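**Q** Encoded as structure tokens, here's the structure I'll be asking about.
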There are 2 protein chains.
Amino acid sequence: MLFSTKAEYGVRLMVELGRQRGSEPVSLSAVAEAERLPLSYLEHLVARLRKAGLVTSTRGAHGGYRLAMPPEEITLDVVVEALEGQIAPMECFHETPEGKVLCSHESDGDHACATKLLWTRVQGGVTKALAGTTLAELVEFSGGTVAGEKATPVGSAA
Amino acid sequence: MLFSTKAEYGVRLMVELGRQRGSEPVSLSAVAEAERLPLSYLEHLVARLRKAGLVTSTRGAHGGYRLAMPPEEITLDVVVEALEGQIAPMECFHETPEGKVLCSHESDGDHACATKLLWTRVQGGVTKALAGTTLAELVEFSGGTVAGEKATPVGSAA
DNA sequence: GGATAACCGACCACTTCAGTAGGATTTAGG
DNA sequence: CCTAAATCCTACTGAAGTGGTCGGTTATCC
């Protein structure tokens, strides 16, 4: 499996917040119920998102989480990286701040690193897919936002 | 990390076999020495490649492994899948024989699966990168084949 | 009949995953 | 002021996967 459930749950959490745009902060328990995910596990995930500056939190009663930016500006590469850590196809791959790829056993034998070409292509494919998708798209795809009218607030179903 | 060293080592093993095209079978110990990888671990990996029909083996003294097909016909998606198992971005993703993608919690809530769009794109990116790369390319990239003339046979360096 | 090599399965230390548990702190509302 | 609701934090745990190692068996060439 390329990604673990951390990415899966975390992205769903983000989508859920994206659906509630502009309104009150959404509590984790509401998200947990809506997505049928364990609350205490979501706490760990949302902590990562918060540390990455993707969501903001309000403590105390009626508190919860909000997106730190409008969903159109949030690309999924940032989200997934916050959840899963640096995204590289292989252990030996490290991306420098300028976006260059380094392979740690570059030329450790008598010929060039045979796999670098492959992993570079894979890296490119994944990055392109993630960076080319915005949270707004996913919100739209999953049934659209709930913006002004409170048609189906997140905790209402059950 | 997207892939483990199983893919890394396994691909390098394949490249090493690809460099020895048409000649005698290559022993695992020769590959292990050339790539500085643990022999006994390579045994596990080559077993997967053999079961997938990518390499053929000759037992006994002077035995070893050969590619089952010319490297131009071997695409890396098959190789990596043989080594790592089914390549899917997420646990809930299962590809049917016809190439359709199924998501196990499709419509388990009141709205469509929010993440399917994303993982489908990622899946596409990875598959395209892997299937669009042939073993021959990697052999070329890593210094070319050794075909007729035995310029630098695999075990000769050290 | 060695030496060489593919084969096979068991085992092991270590890390990550997925989740639980328990508490501390902050805040709105009665 | 009290309490319920919520974030926040740390520690723990069982299960699985990773990256090997080891010992032994079988097959084959010289």
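Chain labels follow the order of the structure tokens: the first chain is A, the next B, and so on; residue numbering restarts at 1 in every chain, and ligands are counted from 1 in their shown order.
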Can you check which residues of chain D have any atom within 10 Å of chain B? Use only C-alpha atoms (C1' of nucleotides) and format it as a ChimeraX atom specification.

**A** /D:18-22,26-30

**Q** Superimpose chain B on chain A so that the squared distances between all in-order C-alpha pairs are minimised, and send the result as a short mmCIF file (atom, residue, chain, number, x, y, z; two decimals) with N, CA and C atoms, in the first residue's frame.

**A**
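Everything below was put into out.cif:
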```
data_model
loop_
_atom_site.label_atom_id
_atom_site.label_comp_id
_atom_site.auth_asym_id
_atom_site.auth_seq_id
_atom_site.Cartn_x
_atom_site.Cartn_y
_atom_site.Cartn_z
N MET B 1 0.79 -1.26 -0.05
CA MET B 1 -0.03 -0.06 -0.04
C MET B 1 0.84 1.19 -0.04
N LEU B 2 0.50 2.11 -0.92
CA LEU B 2 1.29 3.34 -1.00
C LEU B 2 1.14 4.19 0.26
N PHE B 3 -0.11 4.39 0.67
CA PHE B 3 -0.36 5.21 1.85
C PHE B 3 -1.14 4.44 2.90
N SER B 4 -1.03 4.88 4.14
CA SER B 4 -1.75 4.23 5.23
C SER B 4 -3.08 4.95 5.45
N THR B 5 -3.81 4.47 6.43
CA THR B 5 -5.10 5.11 6.71
C THR B 5 -4.92 6.50 7.30
N LYS B 6 -3.73 6.84 7.73
CA LYS B 6 -3.50 8.20 8.21
C LYS B 6 -3.88 9.19 7.13
N ALA B 7 -3.42 8.92 5.92
CA ALA B 7 -3.76 9.80 4.80
C ALA B 7 -5.26 9.73 4.52
N GLU B 8 -5.77 8.53 4.48
CA GLU B 8 -7.20 8.35 4.18
C GLU B 8 -8.08 9.11 5.18
N TYR B 9 -7.90 8.81 6.46
CA TYR B 9 -8.71 9.44 7.50
C TYR B 9 -8.48 10.95 7.52
N GLY B 10 -7.23 11.33 7.41
CA GLY B 10 -6.88 12.75 7.50
C GLY B 10 -7.50 13.55 6.37
N VAL B 11 -7.47 13.01 5.17
CA VAL B 11 -8.07 13.71 4.04
C VAL B 11 -9.58 13.82 4.23
N ARG B 12 -10.18 12.75 4.69
CA ARG B 12 -11.62 12.79 4.94
C ARG B 12 -11.98 13.84 5.98
N LEU B 13 -11.15 13.92 6.99
CA LEU B 13 -11.33 14.96 8.01
C LEU B 13 -11.27 16.34 7.38
N MET B 14 -10.30 16.54 6.53
CA MET B 14 -10.16 17.84 5.86
C MET B 14 -11.38 18.13 4.99
N VAL B 15 -11.84 17.13 4.28
CA VAL B 15 -13.01 17.31 3.43
C VAL B 15 -14.22 17.70 4.28
N GLU B 16 -14.34 17.03 5.40
CA GLU B 16 -15.47 17.32 6.29
C GLU B 16 -15.41 18.78 6.77
N LEU B 17 -14.22 19.25 7.08
CA LEU B 17 -14.07 20.65 7.48
C LEU B 17 -14.38 21.56 6.30
N GLY B 18 -13.98 21.14 5.14
CA GLY B 18 -14.20 21.94 3.94
C GLY B 18 -15.68 22.10 3.62
N ARG B 19 -16.45 21.13 3.99
CA ARG B 19 -17.90 21.18 3.73
C ARG B 19 -18.60 22.20 4.62
N GLN B 20 -17.96 22.58 5.71
CA GLN B 20 -18.59 23.46 6.70
C GLN B 20 -18.07 24.89 6.60
N ARG B 21 -17.67 25.24 5.44
CA ARG B 21 -16.97 26.49 5.25
C ARG B 21 -17.67 27.71 5.84
N GLY B 22 -16.88 28.52 6.53
CA GLY B 22 -17.37 29.81 6.99
C GLY B 22 -18.22 29.77 8.25
N SER B 23 -18.62 28.57 8.64
CA SER B 23 -19.51 28.50 9.79
C SER B 23 -18.72 28.27 11.07
N GLU B 24 -19.39 27.83 12.08
CA GLU B 24 -18.79 27.53 13.36
C GLU B 24 -17.69 26.48 13.24
N PRO B 25 -16.78 26.46 14.19
CA PRO B 25 -15.80 25.38 14.18
C PRO B 25 -16.47 24.03 14.38
N VAL B 26 -15.89 23.00 13.77
CA VAL B 26 -16.47 21.67 13.83
C VAL B 26 -15.72 20.85 14.86
N SER B 27 -16.43 20.21 15.73
CA SER B 27 -15.77 19.40 16.76
C SER B 27 -15.34 18.07 16.16
N LEU B 28 -14.28 17.52 16.72
CA LEU B 28 -13.77 16.25 16.22
C LEU B 28 -14.81 15.14 16.38
N SER B 29 -15.54 15.19 17.45
CA SER B 29 -16.52 14.12 17.67
C SER B 29 -17.58 14.13 16.58
N ALA B 30 -17.93 15.32 16.10
CA ALA B 30 -18.89 15.41 14.99
C ALA B 30 -18.31 14.75 13.75
N VAL B 31 -17.04 15.04 13.45
CA VAL B 31 -16.38 14.44 12.29
C VAL B 31 -16.31 12.93 12.45
N ALA B 32 -15.93 12.50 13.65
CA ALA B 32 -15.79 11.08 13.91
C ALA B 32 -17.11 10.36 13.66
N GLU B 33 -18.19 10.98 14.09
CA GLU B 33 -19.49 10.36 13.90
C GLU B 33 -19.88 10.34 12.43
N ALA B 34 -19.68 11.46 11.76
CA ALA B 34 -20.07 11.57 10.36
C ALA B 34 -19.30 10.58 9.49
N GLU B 35 -18.02 10.40 9.77
CA GLU B 35 -17.18 9.54 8.94
C GLU B 35 -17.00 8.16 9.55
N ARG B 36 -17.61 7.95 10.70
CA ARG B 36 -17.52 6.67 11.40
C ARG B 36 -16.06 6.26 11.64
N LEU B 37 -15.34 7.19 12.22
CA LEU B 37 -13.93 6.93 12.51
C LEU B 37 -13.70 7.11 14.00
N PRO B 38 -12.72 6.41 14.57
CA PRO B 38 -12.46 6.51 16.01
C PRO B 38 -11.97 7.90 16.39
N LEU B 39 -12.66 8.51 17.34
CA LEU B 39 -12.34 9.86 17.76
C LEU B 39 -10.91 10.02 18.23
N SER B 40 -10.46 9.09 19.08
CA SER B 40 -9.15 9.27 19.70
C SER B 40 -8.02 9.13 18.70
N TYR B 41 -8.31 8.42 17.62
CA TYR B 41 -7.30 8.31 16.58
C TYR B 41 -7.26 9.59 15.75
N LEU B 42 -8.42 10.15 15.52
CA LEU B 42 -8.49 11.41 14.77
C LEU B 42 -7.71 12.52 15.49
N GLU B 43 -7.70 12.45 16.80
CA GLU B 43 -6.96 13.47 17.56
C GLU B 43 -5.51 13.52 17.14
N HIS B 44 -4.93 12.34 16.97
CA HIS B 44 -3.52 12.29 16.55
C HIS B 44 -3.34 12.91 15.18
N LEU B 45 -4.28 12.61 14.30
CA LEU B 45 -4.15 13.07 12.92
C LEU B 45 -4.33 14.58 12.83
N VAL B 46 -5.34 15.08 13.53
CA VAL B 46 -5.60 16.51 13.45
C VAL B 46 -4.45 17.30 14.06
N ALA B 47 -3.75 16.67 14.99
CA ALA B 47 -2.59 17.34 15.58
C ALA B 47 -1.54 17.60 14.51
N ARG B 48 -1.35 16.63 13.63
CA ARG B 48 -0.38 16.81 12.55
C ARG B 48 -0.81 17.92 11.60
N LEU B 49 -2.10 17.93 11.32
CA LEU B 49 -2.62 18.95 10.41
C LEU B 49 -2.48 20.35 11.02
N ARG B 50 -2.68 20.40 12.32
CA ARG B 50 -2.56 21.69 12.99
C ARG B 50 -1.11 22.17 12.99
N LYS B 51 -0.19 21.25 13.28
CA LYS B 51 1.22 21.61 13.29
C LYS B 51 1.68 22.05 11.91
N ALA B 52 1.03 21.53 10.88
CA ALA B 52 1.39 21.92 9.52
C ALA B 52 0.71 23.22 9.11
N GLY B 53 -0.11 23.75 9.99
CA GLY B 53 -0.77 25.02 9.69
C GLY B 53 -1.94 24.90 8.74
N LEU B 54 -2.51 23.72 8.64
CA LEU B 54 -3.63 23.52 7.71
C LEU B 54 -4.98 23.75 8.37
N VAL B 55 -5.04 23.54 9.67
CA VAL B 55 -6.28 23.80 10.39
C VAL B 55 -5.97 24.65 11.62
N THR B 56 -6.99 25.36 12.09
CA THR B 56 -6.85 26.11 13.34
C THR B 56 -7.86 25.55 14.34
N SER B 57 -7.55 25.71 15.61
CA SER B 57 -8.40 25.10 16.63
C SER B 57 -8.94 26.14 17.59
N THR B 58 -10.09 25.86 18.14
CA THR B 58 -10.65 26.67 19.22
C THR B 58 -10.94 25.72 20.37
N ARG B 59 -10.41 26.02 21.51
CA ARG B 59 -10.56 25.11 22.64
C ARG B 59 -11.85 25.39 23.41
N GLY B 60 -12.14 24.52 24.31
CA GLY B 60 -13.29 24.71 25.18
C GLY B 60 -14.62 24.33 24.54
N ALA B 61 -15.68 24.51 25.28
CA ALA B 61 -17.01 24.17 24.80
C ALA B 61 -17.33 24.94 23.52
N HIS B 62 -18.04 24.27 22.64
CA HIS B 62 -18.35 24.81 21.31
C HIS B 62 -17.12 25.09 20.48
N GLY B 63 -16.02 24.51 20.90
CA GLY B 63 -14.79 24.67 20.12
C GLY B 63 -14.75 23.66 19.00
N GLY B 64 -13.59 23.56 18.39
CA GLY B 64 -13.44 22.62 17.28
C GLY B 64 -12.37 23.09 16.32
N TYR B 65 -12.48 22.64 15.08
CA TYR B 65 -11.46 22.96 14.09
C TYR B 65 -12.05 23.64 12.88
N ARG B 66 -11.23 24.49 12.26
CA ARG B 66 -11.59 25.13 10.99
C ARG B 66 -10.39 25.03 10.06
N LEU B 67 -10.67 25.08 8.78
CA LEU B 67 -9.57 25.16 7.82
C LEU B 67 -8.85 26.48 8.02
N ALA B 68 -7.54 26.44 7.87
CA ALA B 68 -6.77 27.66 8.04
C ALA B 68 -6.80 28.51 6.77
N MET B 69 -7.17 27.88 5.66
CA MET B 69 -7.23 28.60 4.38
C MET B 69 -8.44 28.10 3.61
N PRO B 70 -8.90 28.90 2.63
CA PRO B 70 -10.01 28.42 1.81
C PRO B 70 -9.60 27.16 1.06
N PRO B 71 -10.51 26.22 0.88
CA PRO B 71 -10.19 24.91 0.32
C PRO B 71 -9.63 24.98 -1.11
N GLU B 72 -9.90 26.06 -1.81
CA GLU B 72 -9.35 26.18 -3.16
C GLU B 72 -7.83 26.34 -3.12
N GLU B 73 -7.33 26.82 -2.00
CA GLU B 73 -5.89 27.10 -1.90
C GLU B 73 -5.13 25.94 -1.28
N ILE B 74 -5.85 24.91 -0.86
CA ILE B 74 -5.19 23.77 -0.21
C ILE B 74 -5.00 22.65 -1.22
N THR B 75 -3.75 22.35 -1.53
CA THR B 75 -3.48 21.23 -2.43
C THR B 75 -3.16 20.00 -1.60
N LEU B 76 -3.46 18.86 -2.14
CA LEU B 76 -3.41 17.63 -1.36
C LEU B 76 -2.01 17.13 -1.08
N ASP B 77 -1.02 17.61 -1.83
CA ASP B 77 0.34 17.18 -1.53
C ASP B 77 0.74 17.65 -0.14
N VAL B 78 0.34 18.86 0.20
CA VAL B 78 0.66 19.40 1.53
C VAL B 78 -0.07 18.61 2.61
N VAL B 79 -1.32 18.30 2.36
CA VAL B 79 -2.12 17.57 3.34
C VAL B 79 -1.53 16.18 3.59
N VAL B 80 -1.28 15.46 2.50
CA VAL B 80 -0.79 14.10 2.64
C VAL B 80 0.60 14.09 3.28
N GLU B 81 1.42 15.05 2.91
CA GLU B 81 2.75 15.10 3.51
C GLU B 81 2.67 15.38 5.00
N ALA B 82 1.74 16.25 5.40
CA ALA B 82 1.57 16.53 6.82
C ALA B 82 1.17 15.26 7.58
N LEU B 83 0.40 14.42 6.93
CA LEU B 83 -0.11 13.23 7.59
C LEU B 83 0.88 12.07 7.56
N GLU B 84 1.51 11.88 6.43
CA GLU B 84 2.34 10.68 6.24
C GLU B 84 3.83 10.95 6.40
N GLY B 85 4.20 12.22 6.44
CA GLY B 85 5.62 12.55 6.41
C GLY B 85 6.06 12.69 4.97
N GLN B 86 7.32 13.06 4.79
CA GLN B 86 7.87 13.28 3.45
C GLN B 86 7.50 12.17 2.48
N ILE B 87 7.05 12.57 1.33
CA ILE B 87 6.64 11.60 0.33
C ILE B 87 7.78 11.33 -0.63
N ALA B 88 8.38 10.17 -0.49
CA ALA B 88 9.44 9.78 -1.42
C ALA B 88 9.19 8.32 -1.78
N PRO B 89 9.52 7.92 -2.99
CA PRO B 89 9.26 6.53 -3.37
C PRO B 89 10.18 5.57 -2.64
N MET B 90 11.29 6.04 -2.16
CA MET B 90 12.31 5.12 -1.65
C MET B 90 13.10 5.78 -0.53
N GLU B 91 13.59 4.97 0.37
CA GLU B 91 14.32 5.45 1.53
C GLU B 91 15.46 6.38 1.16
N CYS B 92 16.14 6.06 0.06
CA CYS B 92 17.36 6.78 -0.30
C CYS B 92 17.07 8.12 -0.96
N PHE B 93 15.77 8.43 -1.12
CA PHE B 93 15.39 9.64 -1.83
C PHE B 93 15.14 10.78 -0.86
N HIS B 94 15.84 11.87 -1.03
CA HIS B 94 15.58 13.03 -0.19
C HIS B 94 15.41 14.25 -1.09
N GLU B 95 14.32 14.97 -0.86
CA GLU B 95 14.08 16.15 -1.68
C GLU B 95 14.62 17.37 -0.96
N THR B 96 15.43 18.13 -1.66
CA THR B 96 15.96 19.36 -1.08
C THR B 96 14.89 20.43 -1.16
N PRO B 97 15.03 21.50 -0.37
CA PRO B 97 14.09 22.62 -0.41
C PRO B 97 13.80 23.14 -1.82
N GLU B 98 14.80 23.10 -2.68
CA GLU B 98 14.60 23.61 -4.04
C GLU B 98 13.92 22.59 -4.95
N GLY B 99 13.64 21.40 -4.42
CA GLY B 99 12.92 20.42 -5.21
C GLY B 99 13.84 19.47 -5.98
N LYS B 100 15.13 19.55 -5.72
CA LYS B 100 16.02 18.58 -6.37
C LYS B 100 15.96 17.24 -5.65
N VAL B 101 16.19 16.18 -6.37
CA VAL B 101 16.14 14.87 -5.77
C VAL B 101 17.56 14.35 -5.53
N LEU B 102 17.80 13.88 -4.33
CA LEU B 102 19.09 13.30 -4.03
C LEU B 102 18.92 11.82 -3.74
N CYS B 103 19.83 11.05 -4.29
CA CYS B 103 19.83 9.62 -4.01
C CYS B 103 21.08 9.32 -3.21
N SER B 104 20.90 8.70 -2.05
CA SER B 104 22.04 8.59 -1.13
C SER B 104 23.13 7.66 -1.63
N HIS B 105 22.76 6.63 -2.43
CA HIS B 105 23.86 5.81 -2.94
C HIS B 105 24.16 6.10 -4.41
N GLU B 106 24.11 7.37 -4.71
CA GLU B 106 24.54 7.84 -6.02
C GLU B 106 26.02 7.47 -6.20
N SER B 107 26.26 6.75 -7.27
CA SER B 107 27.64 6.40 -7.64
C SER B 107 28.41 5.72 -6.52
N ASP B 108 27.78 4.84 -5.78
CA ASP B 108 28.52 4.11 -4.75
C ASP B 108 29.14 2.85 -5.34
N GLY B 109 28.75 2.56 -6.58
CA GLY B 109 29.38 1.41 -7.24
C GLY B 109 30.26 1.93 -8.36
N ASP B 110 30.39 1.13 -9.40
CA ASP B 110 31.20 1.57 -10.52
C ASP B 110 30.35 2.17 -11.63
N HIS B 111 29.02 2.16 -11.43
CA HIS B 111 28.16 2.77 -12.44
C HIS B 111 27.02 3.53 -11.77
N ALA B 112 26.31 4.32 -12.53
CA ALA B 112 25.26 5.18 -11.98
C ALA B 112 24.17 4.38 -11.29
N CYS B 113 23.47 5.03 -10.39
CA CYS B 113 22.39 4.39 -9.64
C CYS B 113 21.29 3.97 -10.61
N ALA B 114 21.09 2.65 -10.71
CA ALA B 114 20.23 2.11 -11.74
C ALA B 114 18.77 2.49 -11.56
N THR B 115 18.37 2.72 -10.33
CA THR B 115 16.95 2.89 -10.07
C THR B 115 16.51 4.35 -10.03
N LYS B 116 17.46 5.25 -10.07
CA LYS B 116 17.10 6.66 -9.89
C LYS B 116 16.10 7.13 -10.94
N LEU B 117 16.33 6.74 -12.17
CA LEU B 117 15.43 7.13 -13.25
C LEU B 117 13.99 6.72 -12.93
N LEU B 118 13.85 5.49 -12.49
CA LEU B 118 12.52 4.96 -12.19
C LEU B 118 11.84 5.72 -11.07
N TRP B 119 12.53 5.86 -9.95
CA TRP B 119 11.90 6.49 -8.79
C TRP B 119 11.63 7.97 -9.04
N THR B 120 12.45 8.57 -9.85
CA THR B 120 12.20 9.97 -10.19
C THR B 120 10.88 10.10 -10.95
N ARG B 121 10.66 9.18 -11.86
CA ARG B 121 9.41 9.21 -12.62
C ARG B 121 8.21 8.97 -11.71
N VAL B 122 8.35 7.98 -10.82
CA VAL B 122 7.25 7.67 -9.90
C VAL B 122 6.96 8.88 -9.01
N GLN B 123 8.02 9.41 -8.46
CA GLN B 123 7.89 10.61 -7.62
C GLN B 123 7.13 11.70 -8.35
N GLY B 124 7.53 11.92 -9.59
CA GLY B 124 6.87 12.94 -10.41
C GLY B 124 5.39 12.65 -10.59
N GLY B 125 5.07 11.40 -10.85
CA GLY B 125 3.67 11.03 -11.06
C GLY B 125 2.83 11.28 -9.83
N VAL B 126 3.34 10.89 -8.68
CA VAL B 126 2.59 11.06 -7.45
C VAL B 126 2.45 12.54 -7.10
N THR B 127 3.54 13.24 -7.17
CA THR B 127 3.52 14.66 -6.82
C THR B 127 2.55 15.42 -7.70
N LYS B 128 2.59 15.10 -8.98
CA LYS B 128 1.70 15.79 -9.93
C LYS B 128 0.23 15.52 -9.58
N ALA B 129 -0.06 14.28 -9.24
CA ALA B 129 -1.44 13.92 -8.91
C ALA B 129 -1.90 14.63 -7.65
N LEU B 130 -1.03 14.66 -6.64
CA LEU B 130 -1.41 15.25 -5.37
C LEU B 130 -1.47 16.77 -5.45
N ALA B 131 -0.45 17.36 -6.05
CA ALA B 131 -0.39 18.82 -6.11
C ALA B 131 -1.42 19.37 -7.08
N GLY B 132 -1.89 18.53 -8.00
CA GLY B 132 -2.88 18.97 -8.97
C GLY B 132 -4.31 18.81 -8.49
N THR B 133 -4.46 18.41 -7.25
CA THR B 133 -5.80 18.24 -6.68
C THR B 133 -5.97 19.19 -5.50
N THR B 134 -7.05 19.93 -5.49
CA THR B 134 -7.31 20.83 -4.37
C THR B 134 -8.39 20.24 -3.48
N LEU B 135 -8.39 20.69 -2.25
CA LEU B 135 -9.41 20.23 -1.31
C LEU B 135 -10.80 20.59 -1.82
N ALA B 136 -10.90 21.74 -2.46
CA ALA B 136 -12.20 22.17 -2.99
C ALA B 136 -12.76 21.15 -3.97
N GLU B 137 -11.88 20.59 -4.79
CA GLU B 137 -12.32 19.55 -5.74
C GLU B 137 -12.92 18.36 -5.01
N LEU B 138 -12.26 17.93 -3.98
CA LEU B 138 -12.74 16.76 -3.24
C LEU B 138 -14.06 17.06 -2.54
N VAL B 139 -14.18 18.26 -2.01
CA VAL B 139 -15.43 18.65 -1.36
C VAL B 139 -16.56 18.60 -2.38
N GLU B 140 -16.27 19.20 -3.53
CA GLU B 140 -17.24 19.19 -4.63
C GLU B 140 -17.61 17.77 -5.00
N PHE B 141 -16.60 16.95 -5.20
CA PHE B 141 -16.79 15.56 -5.64
C PHE B 141 -17.62 14.76 -4.64
N SER B 142 -17.44 15.08 -3.37
CA SER B 142 -18.09 14.26 -2.34
C SER B 142 -19.49 14.77 -2.00
N GLY B 143 -19.97 15.75 -2.73
CA GLY B 143 -21.33 16.17 -2.48
C GLY B 143 -21.50 17.67 -2.24
N GLY B 144 -20.40 18.41 -2.38
CA GLY B 144 -20.51 19.86 -2.32
C GLY B 144 -20.50 20.44 -0.92
N THR B 145 -20.30 21.75 -0.85
CA THR B 145 -20.21 22.44 0.43
C THR B 145 -21.61 22.70 1.00
N VAL B 146 -21.64 23.08 2.26
CA VAL B 146 -22.92 23.30 2.93
C VAL B 146 -23.07 24.78 3.30
N ALA B 147 -22.05 25.52 2.92
CA ALA B 147 -21.86 26.96 3.16
C ALA B 147 -22.94 27.68 3.97
N GLY B 148 -23.73 28.52 3.31
CA GLY B 148 -24.69 29.36 4.01
C GLY B 148 -25.79 28.55 4.67
N GLU B 149 -26.61 27.94 3.84
CA GLU B 149 -27.71 27.13 4.37
C GLU B 149 -27.15 25.89 5.07
N LYS B 150 -27.72 25.58 6.22
CA LYS B 150 -27.20 24.44 6.98
C LYS B 150 -27.98 23.17 6.62
N ALA B 151 -27.91 22.82 5.32
CA ALA B 151 -28.69 21.71 4.79
C ALA B 151 -28.48 20.43 5.59
N THR B 152 -27.28 19.87 5.52
CA THR B 152 -26.98 18.66 6.29
C THR B 152 -25.74 18.89 7.14
N PRO B 153 -25.94 19.53 8.28
CA PRO B 153 -24.79 19.79 9.16
C PRO B 153 -24.10 18.49 9.53
N VAL B 154 -22.85 18.61 9.82
CA VAL B 154 -21.98 17.44 9.88
C VAL B 154 -22.41 16.39 10.88
N GLY B 155 -22.99 16.79 11.97
CA GLY B 155 -23.30 15.79 12.98
C GLY B 155 -24.76 15.35 12.99
N SER B 156 -25.54 15.79 12.04
CA SER B 156 -26.98 15.65 12.13
C SER B 156 -27.52 14.26 11.78
N ALA B 157 -26.84 13.58 10.87
CA ALA B 157 -27.37 12.34 10.28
C ALA B 157 -27.83 11.33 11.34
N ALA B 158 -26.90 10.74 12.06
CA ALA B 158 -27.24 9.74 13.05
C ALA B 158 -27.89 10.42 14.24
#
```

**Q** At a cut-off of 12 Å, list the chain C residues touching chain B, using only C-alpha atoms (C1' of nucleotides), as a PyMOL selection string.

**A** chain C and resi 2-9+16

**Q** In Å, with one decimal, what is the gap from atom C1' of DT7 of chain D to atom C1' of DC17 of chain C?

**A**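 Computing the Euclidean distance for atom C1' of DT7 of chain D and atom C1' of DC17 of chain C yields 23.9 Å.
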
**Q** Run DSSP on the backbone and give me the residues of segment 32-97 of chain A it puts in helix (DSSP H, G or I), as an MDAnalysis selection string.

**A** chainID A and resid 32:35 39:51 71:73 76:84

**Q** Mind checking DSSP for segment 74-128 of chain B and telling me the strand (DSSP E) residues as a ChimeraX atom specification?

**A** /B:93-95,101-103

**Q** So how many Å separate atom C1' of DA24 of chain C and atom C1' of DA4 of chain D, to one decimal?

**A**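 The value is 15.6 Å.
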